[in-house]
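Remarks on the structure that follows.
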Amino acid sequence: MARNELILKNVTKRFGGLTAVDDLSFKVEDGQIYGIIGPNGAGKTTVFNCITGIYKSEEGSVNWRGEEIRGMTPYQIVDRGIVRTFQTIRLFGQMSVAENIMSGRHIKSAQKWWHGIVPTPGSLRDEKENWLKVQEQLEFFNLGEFAATPTNSLPYGIQRRVEMARAMAVEPTLLILDEPAAGLNDKETLGLVETIYKIREKGVTVLLIEHDMDMVMEITDYLTVINFGKKIAEGTPAEVQANPAVIEAYLGSEDEDDE
Ligand SMILES: Nc1ncnc2c1ncn2[C@@H]1O[C@H](COP(=O)(O)OP(=O)(O)O)[C@@H](O)[C@H]1O
Ligand SMILES: [Mg+2]
């Protein structure tokens, strides 16, 4: 039976006089690929920031598997299995692909930083396990040939893959992707779709913001559409596409692109 993983209830986030997220509620179930769409500036990234602890919403509740996570730190939230990527790439440019993925493992065990200076048998075992996990991600994301390459010398599409690999190295239960197809060409987008399906097959729930409508409609099980921070529609891709409020929100913004 489907179980609710993430439930947002009446979440409101303001920046001064601007209400970026306005009384928003939705729920994501176990194993779903769930989409958040809406015009540029609608508040999508702010919703993700409220879920992942970058911002604390002024009002409402963010419940993850029965626990209130609103007000927790980003680290506490990662520790509960919610891991994200960002709309703009945030990698350590001088570091290799493998090292960047390893940094995801170190987020996971950040409280043990001193073991780098004073290794214990336990920490050495962790380090070995970490390298195995990095290897696993290099294979899963087809990044083996770039393992030793600094990320800033790689094409954009590959850097995007490294970001997802780093997030997956944290072993999330819920993977949150902010516009993963932004800047990708058609072939790379197809590869991304395949990858997201494979991630779901591993039992990971996926919550994504996406600007590429074709991709969203193909890949998601369920969608919430927001405009000016408010939910204007929700449903399956077919239901959402037929919804007049959605068509209206997108009219005139057809040719505008994010960023
Ligand atoms: N840190 C911030 N301070 C002030 N305003 C912000 C901040 N972050 C986002 N906003 C504003 O909130 C609104 C929603 O932004 P955002 O969530 O980034 O939209 P989207 O991701 O849907 O394009 C925009 O008007 C944006 O300018
Ligand atoms: Mg955004």
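Every chain in the structure tokens takes a letter, A first, then B, and so on in the order presented; its residues are numbered from 1, and the ligands are numbered from 1 following the presented order.
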
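Residues of range 21-117 of chain A that DSSP, applied to the backbone, places in strand (DSSP E): A:Val21, A:Asp22, A:Asp23, A:Leu24, A:Ser25, A:Phe26, A:Lys27, A:Val28, A:Glu29, A:Ile33, A:Tyr34, A:Gly35, A:Ile36, A:Ile37, A:Glu59, A:Gly60, A:Ser61, A:Val62, A:Asn63, A:Trp64, A:Glu67, A:Glu68, A:Ile82, A:Val83, A:Arg84.
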
Around ligand 2, which protein and nucleic acid residues have at least one atom no more than 12 Å from it, if we count only C-alpha atoms and all ligand atoms? List them as a short mmCIF file (atom, residue, chain, number, x, y, z; two decimals) with C-alpha atoms, in the first residue's frame.
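Output file out-v6.cif follows:
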```cif
data_model
loop_
_atom_site.label_atom_id
_atom_site.label_comp_id
_atom_site.auth_asym_id
_atom_site.auth_seq_id
_atom_site.Cartn_x
_atom_site.Cartn_y
_atom_site.Cartn_z
CA ALA A 20 6.98 33.44 -2.24
CA ILE A 36 6.42 20.66 -9.15
CA ILE A 37 5.91 22.98 -12.09
CA GLY A 38 5.02 26.61 -12.56
CA PRO A 39 6.19 29.74 -14.34
CA ASN A 40 9.51 31.38 -13.54
CA GLY A 41 9.41 33.00 -10.09
CA ALA A 42 6.41 30.93 -8.99
CA GLY A 43 8.15 29.84 -5.78
CA LYS A 44 9.28 26.32 -6.76
CA THR A 45 12.86 26.58 -5.52
CA THR A 46 11.66 28.28 -2.34
CA VAL A 47 9.43 25.25 -1.64
CA PHE A 48 12.49 23.00 -1.96
CA ASN A 49 14.45 25.32 0.32
CA THR A 85 20.62 18.98 -6.09
CA PHE A 86 20.57 22.68 -6.95
CA GLN A 87 19.22 24.63 -9.92
CA THR A 88 22.73 25.91 -10.62
CA LEU A 177 16.07 17.64 -8.09
CA ASP A 178 15.81 21.34 -8.97
CA GLU A 179 15.55 21.58 -12.77
CA PRO A 180 17.80 18.62 -13.58
CA ALA A 182 18.21 22.71 -17.44
CA LEU A 208 11.55 17.33 -9.07
CA ILE A 209 11.09 20.81 -10.42
CA GLU A 210 11.32 20.92 -14.16
CA HIS A 211 10.93 23.50 -16.87
CA ILE A 226 2.05 26.59 -8.59
CA GLY A 229 3.36 30.68 -4.60
CA ASP A 257 13.06 30.48 -20.22
CA ASP A 258 14.31 30.15 -16.68
CA GLU A 259 17.62 31.79 -15.82
#
```

Looking only at the backbone, which of the residues in range 10-63 of chain A does DSSP tag as helix (DSSP H, G or I), as a PyMOL selection string?
-> chain A and resi 44-51

Shortest contact to ligand 1, candidates A:Asp22, A:Glu201, A:Glu29, A:Asp79, atoms counted only C-alpha atoms and all ligand atoms, goes to A:Asp22

Got a sec: who's within 10 Å of Glu188 in chain A, counting only C-alpha atoms, leaving out chain neighbours fewer than 6 positions off, as a ChimeraX atom specification?
-> /A:157-158,160-161,181,194

Of the candidates A:Thr52, A:Ser25, A:Asn63, A:Thr19, which shows the shortest atom-to-atom distance to ligand 1, using only C-alpha atoms and all ligand atoms?
->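 Answer, going by the shortest atom-to-atom distance: A:Thr19.
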
For Val206 in chain A, which residue among A:Asn100, A:Asn185, A:Thr173, A:Ser61 is the nearest when counting only C-alpha atoms?
->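 Closest residue, counting only C-alpha atoms: A:Thr173.
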
For Val21 in chain A, the nearest of the candidates A:Ser153, A:Asn130, A:Asn243, A:Asn227, counting only C-alpha atoms | A:Asn227

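Each of A:Arg80, A:Val246, A:Lys230, A:Pro155 was checked against ligand 1 using only C-alpha atoms and all ligand atoms; the smallest atom-to-atom distance is that of A:Lys230.
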
Residue neighbourhood Ala147 in chain A, 7 Å, only C-alpha atoms, exclusion window fewer than 6 positions, as a PyMOL selection string = chain A and resi 96-98

Between A:Ser57, A:Lys202, A:Leu207, A:Ile7, which has the minimum distance to Ile82 in chain A (counting only C-alpha atoms)?
->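 Distance minimum relative to Ile82 in chain A lands on A:Leu207.
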